[in-house]
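Trainee: Before we start, here is the structure in question, set down as structure tokens.
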Amino acid sequence: MSFSEEVYRQVSLCSRCGYCRNACQTSEVRLSESWNPRGRIILVADYIDKLLGDVSEDYSDRIYSCLLCGRCESYCPSHVQVVETMEKAREILVKEGFASEKVKSISENIIGTGNPEGLPRKRIYRGVNHAARGKTLLFRGCTASLHTVDDLRAAEMLLRSAEYPFFEFPDEICCGYPLEVLGYEADASRIYSRNHQKMMEAGVKKVVTACPYCYRVLHERYPRHIDGFEVEALHIIDLFNELMDEGKLTPIMSVDLKVSYQDPCALGRGSLYQELARHFIERVPGVRLMENEDSKSKCCGAGSYLPHLFPKIYQEIRTKRVEEFISVGAQAVITSCPTCLYTLREASKNKLIAVDGLSSLLAISVGLDSSVSKKN
Ligand code: SF4
Ligand code: SF4
């Protein structure tokens with residue numbers, strides 16, 4: 001087994017300048033070189049050059065503790081693709097038998113039960129709009145169906161209230177993203193094919209999701225793995241903006257709150273979604289955006305399964321995130337990612353700041369029931 005040409009290329013592109021180091025949140029809480037992007041790239045280079053003997057647990061930890069947030073990439077003058085390099089390095093670690101037991105258990109859970117936490121199907125939210133066939137599928141995603149059902153219900157209510165035709169699979173399984181990023185590409189590919197087959201049998205042409213990870217994998221990776229994949233993938237922000245433009249959802253109730261927005265890593269740093277989400281929030285009467293460079297565009301701490309793999313680092317990062325939001329004067333944090341939502345809610349317990357999803361914010365403003373800003 002060897003690294004691909006692309007990994008060699010990325011590793012050689014890195015000039016070791018270190019401009020990326022301060023961007024990395026794992027490095028912020030673990031102050032040593034091997035926890036930052038440059039250190040991780042050097043570790044991959046050392047592996048390629050066979051400077052290491054057997055891979056140690058410490059080595060594997062450095063590669064698996066990367067949040068895959070991509071923040072370092074926006075500071076890199078050489079345009080090194082750190083995220084893709086880490087994903088490829090993990091693939092090798094898995095193939096050579098160096099993945100930790102925790103990593104293995106996440107992949108076994110997905111393959112065995114259809115969700116990363118290995119929970120029985122009856123514990124998972126099944127949606128409300130079931131049908132055997134339909135053109136537009138609402139893909140709920142595991143995290144929303146397990147941990148942030150309130151925001152998912154708000155999305156369903158909004159789509160129904162706008163009379164937007166959609167349906168849901170009651171027995172939906174994981175999108176497959178965690179398998180690919182943890183190094184199990186072949187298993188991920190099998191899940192992609194299984195989901196695609198089901199969509200084809202149901203006549204699906206478009207899939208909408210409120211989860212940035214599901215969106216990203218459906219938009220980028222399904223077409224890469226499946227010949228002739230022609231299902232359009234949409235993040236729900238796009239759809240809600242469209243429905244507001246058409247006058248089918250009108251935010252009229254004032255939500256008098258100072259809010260910060262948590263950008264989901266999977267929607268891309270510097271992408272159009274960062275603007276779209278803020279535009280969305282500003283359409284809600286009464287809301288004021290409170291942000292500065294420190295409070296923007298950072299990972300919540302839960303990227304790449306850190307809560308399961310490195311709970312202590314995860315807790316330190318999520319606590320810092322909440323403090324950053326409080327320091328800019330926000331009364332609430334709004335996000336468009338179930339993983340960020342769950343993480344920041346957990347971190348904000350006992351703090352005077354609320355955390356909610358974009359769907360809940362919109363639901364309250366159009367006059368539907370919602371949970372937004374319970375703390376205020
Ligand atoms: S992707 Fe994020 S966590 Fe990983 S090395 Fe870069 S900044 Fe650090
Ligand atoms: S900024 Fe880019 S080139 Fe510089 S050390 Fe980091 S990854 Fe390497």
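By order of appearance in the structure tokens: chains A, B, ..., then residues from 1 within every chain, and ligands from 1 in the order shown.
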Could I get the residue neighbourhood of ligand 1 at 6 Å, counting only C-alpha atoms and all ligand atoms, as a JSON list (two decimals) with C-alpha atoms, in the first residue's frame?
Mentor:
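Saved result, result32.json, follows:
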```json
[["chain", "number", "residue", "atom", "x", "y", "z"],
["A", 23, "ALA", "CA", -5.39, 29.11, 12.45],
["A", 24, "CYS", "CA", -5.65, 25.65, 13.96],
["A", 25, "GLN", "CA", -7.99, 25.18, 16.91],
["A", 26, "THR", "CA", -6.48, 21.85, 17.99],
["A", 36, "ASN", "CA", -0.90, 21.90, 14.11],
["A", 37, "PRO", "CA", -1.33, 21.65, 10.32],
["A", 66, "CYS", "CA", -7.61, 17.11, 12.73],
["A", 67, "LEU", "CA", -11.11, 18.61, 12.65],
["A", 68, "LEU", "CA", -11.01, 18.69, 8.82],
["A", 69, "CYS", "CA", -12.24, 22.26, 9.22],
["A", 70, "GLY", "CA", -10.08, 23.63, 6.38],
["A", 71, "ARG", "CA", -9.25, 26.79, 8.32],
["A", 72, "CYS", "CA", -5.51, 26.33, 7.80],
["A", 83, "VAL", "CA", -8.01, 18.28, 4.63]]
```
Trainee: 12 Å from ligand 2 is the threshold here; counting only C-alpha atoms and all ligand atoms, which polymer residues fall inside it? Answer as JSON, numbers by chain.
Mentor: {"A": [10, 11, 12, 13, 14, 15, 16, 17, 18, 19, 20, 21, 22, 23, 24, 33, 34, 36, 37, 38, 39, 40, 41, 42, 43, 44, 45, 70, 71, 72, 73, 74, 75, 76, 77, 78, 79, 80, 81, 82, 83, 84, 85, 86]}
Trainee: Which polymer residues have any atom within 12 Å of an atom of Glu282 (chain A), counting only C-alpha atoms, with same-chain residues fewer than 5 positions away left out, as a list in words?
Mentor: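 Selected residues are Asn241, Pro251, Ser254, Val255, Asp256, Leu257, Lys258, Val259, Ser260, Tyr261, Glu275, Leu276, Ala277, Val287, Arg288, Leu289, Met290, Ile334, Leu358, Leu361, Leu362 and Ser365 of chain A.
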Trainee: Could you give me, as an mmCIF file with N, CA and C atoms, in the first residue's frame, each residue of region 117-251 of chain A that DSSP assigns to strand (DSSP E) when run on this structure's backbone?
Mentor:
```cif
data_model
loop_
_atom_site.group_PDB
_atom_site.id
_atom_site.type_symbol
_atom_site.label_atom_id
_atom_site.label_comp_id
_atom_site.auth_asym_id
_atom_site.auth_seq_id
_atom_site.Cartn_x
_atom_site.Cartn_y
_atom_site.Cartn_z
ATOM 1 N N THR A 136 -38.857 15.123 -4.637
ATOM 2 C CA THR A 136 -37.939 15.817 -3.713
ATOM 3 C C THR A 136 -37.904 15.118 -2.364
ATOM 4 N N LEU A 137 -36.713 14.659 -2.035
ATOM 5 C CA LEU A 137 -36.520 13.933 -0.776
ATOM 6 C C LEU A 137 -35.925 14.873 0.266
ATOM 7 N N LEU A 138 -36.511 14.905 1.461
ATOM 8 C CA LEU A 138 -35.858 15.602 2.581
ATOM 9 C C LEU A 138 -34.998 14.573 3.293
ATOM 10 N N PHE A 139 -33.688 14.762 3.223
ATOM 11 C CA PHE A 139 -32.747 13.834 3.860
ATOM 12 C C PHE A 139 -32.433 14.399 5.245
ATOM 13 N N LYS A 206 -34.364 15.375 -6.680
ATOM 14 C CA LYS A 206 -33.702 16.421 -5.887
ATOM 15 C C LYS A 206 -33.674 15.976 -4.417
ATOM 16 N N VAL A 207 -32.549 16.226 -3.753
ATOM 17 C CA VAL A 207 -32.493 15.908 -2.326
ATOM 18 C C VAL A 207 -32.111 17.173 -1.554
ATOM 19 N N VAL A 208 -32.947 17.473 -0.543
ATOM 20 C CA VAL A 208 -32.724 18.671 0.278
ATOM 21 C C VAL A 208 -32.335 18.213 1.675
ATOM 22 N N THR A 209 -31.360 18.876 2.257
ATOM 23 C CA THR A 209 -30.980 18.498 3.620
ATOM 24 C C THR A 209 -30.583 19.727 4.420
ATOM 25 N N GLU A 232 -30.007 16.205 -7.869
ATOM 26 C CA GLU A 232 -29.523 17.531 -7.448
ATOM 27 C C GLU A 232 -29.544 17.614 -5.916
ATOM 28 N N ALA A 233 -28.448 18.072 -5.323
ATOM 29 C CA ALA A 233 -28.407 18.216 -3.853
ATOM 30 C C ALA A 233 -28.469 19.696 -3.485
ATOM 31 N N LEU A 234 -29.243 19.978 -2.449
ATOM 32 C CA LEU A 234 -29.475 21.373 -2.056
ATOM 33 C C LEU A 234 -29.387 21.492 -0.537
ATOM 34 N N HIS A 235 -28.676 22.508 -0.036
ATOM 35 C CA HIS A 235 -28.781 22.741 1.406
ATOM 36 C C HIS A 235 -30.040 23.559 1.647
#
```
Trainee: Going by DSSP on the backbone, which bits of region 100-144 of chain A are helix (DSSP H, G or I)? Write them as a ChimeraX atom specification, please.
Mentor: /A:101-113,121-123,142-144
Trainee: Generate the output file for the selected residues, N, CA and C atoms, as a short mmCIF file (atom, residue, chain, number, x, y, z; two decimals), in the first residue's frame.
Mentor:
```cif
data_model
loop_
_atom_site.label_atom_id
_atom_site.label_comp_id
_atom_site.auth_asym_id
_atom_site.auth_seq_id
_atom_site.Cartn_x
_atom_site.Cartn_y
_atom_site.Cartn_z
N GLU A 101 -9.37 1.66 18.08
CA GLU A 101 -10.62 0.93 18.34
C GLU A 101 -11.82 1.86 18.24
N LYS A 102 -11.64 3.11 18.69
CA LYS A 102 -12.76 4.06 18.64
C LYS A 102 -13.14 4.36 17.19
N VAL A 103 -12.13 4.55 16.35
CA VAL A 103 -12.40 4.80 14.92
C VAL A 103 -13.13 3.60 14.33
N LYS A 104 -12.61 2.41 14.64
CA LYS A 104 -13.23 1.19 14.09
C LYS A 104 -14.68 1.09 14.52
N SER A 105 -14.97 1.45 15.79
CA SER A 105 -16.34 1.26 16.28
C SER A 105 -17.33 2.18 15.55
N ILE A 106 -16.88 3.39 15.16
CA ILE A 106 -17.80 4.27 14.42
C ILE A 106 -18.15 3.63 13.07
N SER A 107 -17.13 3.10 12.41
CA SER A 107 -17.41 2.50 11.09
C SER A 107 -18.27 1.24 11.25
N GLU A 108 -18.00 0.45 12.28
CA GLU A 108 -18.81 -0.76 12.48
C GLU A 108 -20.27 -0.40 12.78
N ASN A 109 -20.45 0.68 13.56
CA ASN A 109 -21.82 1.12 13.87
C ASN A 109 -22.58 1.48 12.60
N ILE A 110 -21.93 2.25 11.73
CA ILE A 110 -22.63 2.68 10.50
C ILE A 110 -22.97 1.46 9.65
N ILE A 111 -22.01 0.58 9.50
CA ILE A 111 -22.25 -0.60 8.65
C ILE A 111 -23.31 -1.51 9.29
N GLY A 112 -23.26 -1.64 10.62
CA GLY A 112 -24.19 -2.56 11.30
C GLY A 112 -25.58 -2.01 11.52
N THR A 113 -25.68 -0.71 11.85
CA THR A 113 -26.99 -0.19 12.26
C THR A 113 -27.48 0.96 11.37
N ARG A 121 -32.97 1.54 15.53
CA ARG A 121 -33.80 2.41 14.68
C ARG A 121 -34.94 3.09 15.44
N LYS A 122 -35.49 2.40 16.43
CA LYS A 122 -36.64 2.99 17.14
C LYS A 122 -36.26 4.23 17.95
N ARG A 123 -34.96 4.45 18.19
CA ARG A 123 -34.52 5.65 18.94
C ARG A 123 -34.33 6.85 18.01
N CYS A 142 -28.24 11.80 10.31
CA CYS A 142 -28.21 11.10 11.62
C CYS A 142 -28.20 12.08 12.80
N THR A 143 -27.36 13.10 12.76
CA THR A 143 -27.23 13.97 13.94
C THR A 143 -28.53 14.69 14.23
N ALA A 144 -29.18 15.23 13.19
CA ALA A 144 -30.45 15.92 13.40
C ALA A 144 -31.51 14.95 13.90
#
```
Trainee: Show which residues sit within 9 Å of region 311-318 of chain A, as a CSV table (one decimal) with C-alpha atoms, in the first residue's frame. Count only C-alpha atoms, and ignore same-chain residues fewer than 6 positions away.
Mentor:
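Result file around19.csv:
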```csv
chain,number,residue,atom,x,y,z
A,25,GLN,CA,-8.0,25.2,16.9
A,26,THR,CA,-6.5,21.9,18.0
A,28,GLU,CA,-4.7,26.3,20.3
A,29,VAL,CA,-5.6,23.8,23.0
A,30,ARG,CA,-2.6,21.5,22.5
A,65,SER,CA,-7.5,14.8,15.7
A,299,CYS,CA,-15.2,25.0,14.0
A,300,CYS,CA,-17.6,24.3,16.9
A,301,GLY,CA,-15.2,21.5,18.0
A,302,ALA,CA,-17.1,18.5,16.7
A,303,GLY,CA,-15.6,18.2,13.3
A,343,THR,CA,-22.3,20.9,20.3
A,344,LEU,CA,-22.8,24.6,21.1
A,346,GLU,CA,-24.2,21.4,25.2
A,347,ALA,CA,-21.4,24.0,25.7
A,348,SER,CA,-23.8,26.8,26.5
```
Trainee: Rounded to one decimal, what separation in Å do you get between CA of Glu324 (chain A) and CA of Ile364 (chain A)?
Mentor: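 Computing the Euclidean distance for CA of Glu324 (chain A) and CA of Ile364 (chain A) yields 25.8 Å.
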Trainee: Find the residue from A:Phe280, A:Phe229, A:Phe169, A:Tyr64 that sits nearest to Ser304 (chain A); use only C-alpha atoms when measuring.
Mentor: A:Tyr64
Trainee: Find the spatial neighbours of His219 (chain A), counting only C-alpha atoms, within a cut-off of 9 Å - ignore same-chain residues fewer than 2 positions away - and output them as a list in words.
Mentor: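 Answer for this query is Cys214, Tyr215, Arg216, Val217, Arg221, Tyr222, Pro223, Val231, Glu232, Ala233 and Leu234 of chain A.
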Trainee: For Ala266 (chain A), find every residue with an atom within 6 Å (counting only C-alpha atoms), except residues of its own chain fewer than 2 positions away, and show them as a list of chain:residue names.
Mentor: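 Here the answer would be A:Pro212, A:Tyr213, A:Pro264, A:Gly268.
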Trainee: Between A:Leu272, A:Met244, A:Ile236, A:Cys211, which is the closest to Leu341 (chain A) once you count only C-alpha atoms?
Mentor: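 Ranked by minimum distance to Leu341 (chain A), first place goes to A:Cys211.
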Trainee: Ranking A:Glu323, A:Glu180, A:Glu168, A:Glu57 by minimum distance to Ala99 (chain A) and counting only C-alpha atoms, which one comes first?
Mentor: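 So, comparing all the options, the nearest one is A:Glu57.
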Trainee: Find the residues around Gly367 (chain A) up to 12 Å (only C-alpha atoms counted), leave out those fewer than 6 positions away in its own chain, and share them as a ChimeraX atom specification.
Mentor: /A:154,157-158,161,249-255,284,360-361
Trainee: Produce a file of the selected residues containing C-alpha atoms, as a short mmCIF file (atom, residue, chain, number, x, y, z; two decimals), in the first residue's frame.
Mentor:
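The result, stored in part03.cif:
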```cif
data_model
loop_
_atom_site.label_atom_id
_atom_site.label_comp_id
_atom_site.auth_asym_id
_atom_site.auth_seq_id
_atom_site.Cartn_x
_atom_site.Cartn_y
_atom_site.Cartn_z
CA ALA A 154 -39.20 23.29 12.38
CA MET A 157 -43.25 22.59 9.43
CA LEU A 158 -41.87 25.38 7.24
CA SER A 161 -46.58 25.65 5.51
CA LEU A 249 -42.44 32.09 3.59
CA THR A 250 -42.55 35.60 5.00
CA PRO A 251 -40.72 36.45 8.22
CA ILE A 252 -42.99 39.02 9.85
CA MET A 253 -42.70 38.49 13.60
CA SER A 254 -39.89 40.46 15.16
CA VAL A 255 -37.25 38.36 16.94
CA VAL A 284 -35.74 38.20 10.06
CA SER A 360 -36.24 27.42 14.23
CA LEU A 361 -35.41 31.11 13.79
#
```
Trainee: What is the CA of His147 (chain A)-CA of Tyr342 (chain A) distance in Å, reported with one decimal?
Mentor: 6.4 Å
Trainee: What gap, in Å, lies between CA of Ser32 (chain A) and CA of Asp58 (chain A)?
Mentor: 12.8 Å
Trainee: Using only C-alpha atoms, find the one residue out of A:Leu243, A:Phe98, A:Ala188, A:Lys349 that sits nearest to Leu218 (chain A).
Mentor: A:Ala188
Trainee: Could you tell me which of A:Glu220, A:Arg153, A:Pro165, A:His225 comes closest to Arg190 (chain A) if we count only C-alpha atoms?
Mentor: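 Ranked by minimum distance to Arg190 (chain A), first place goes to A:His225.
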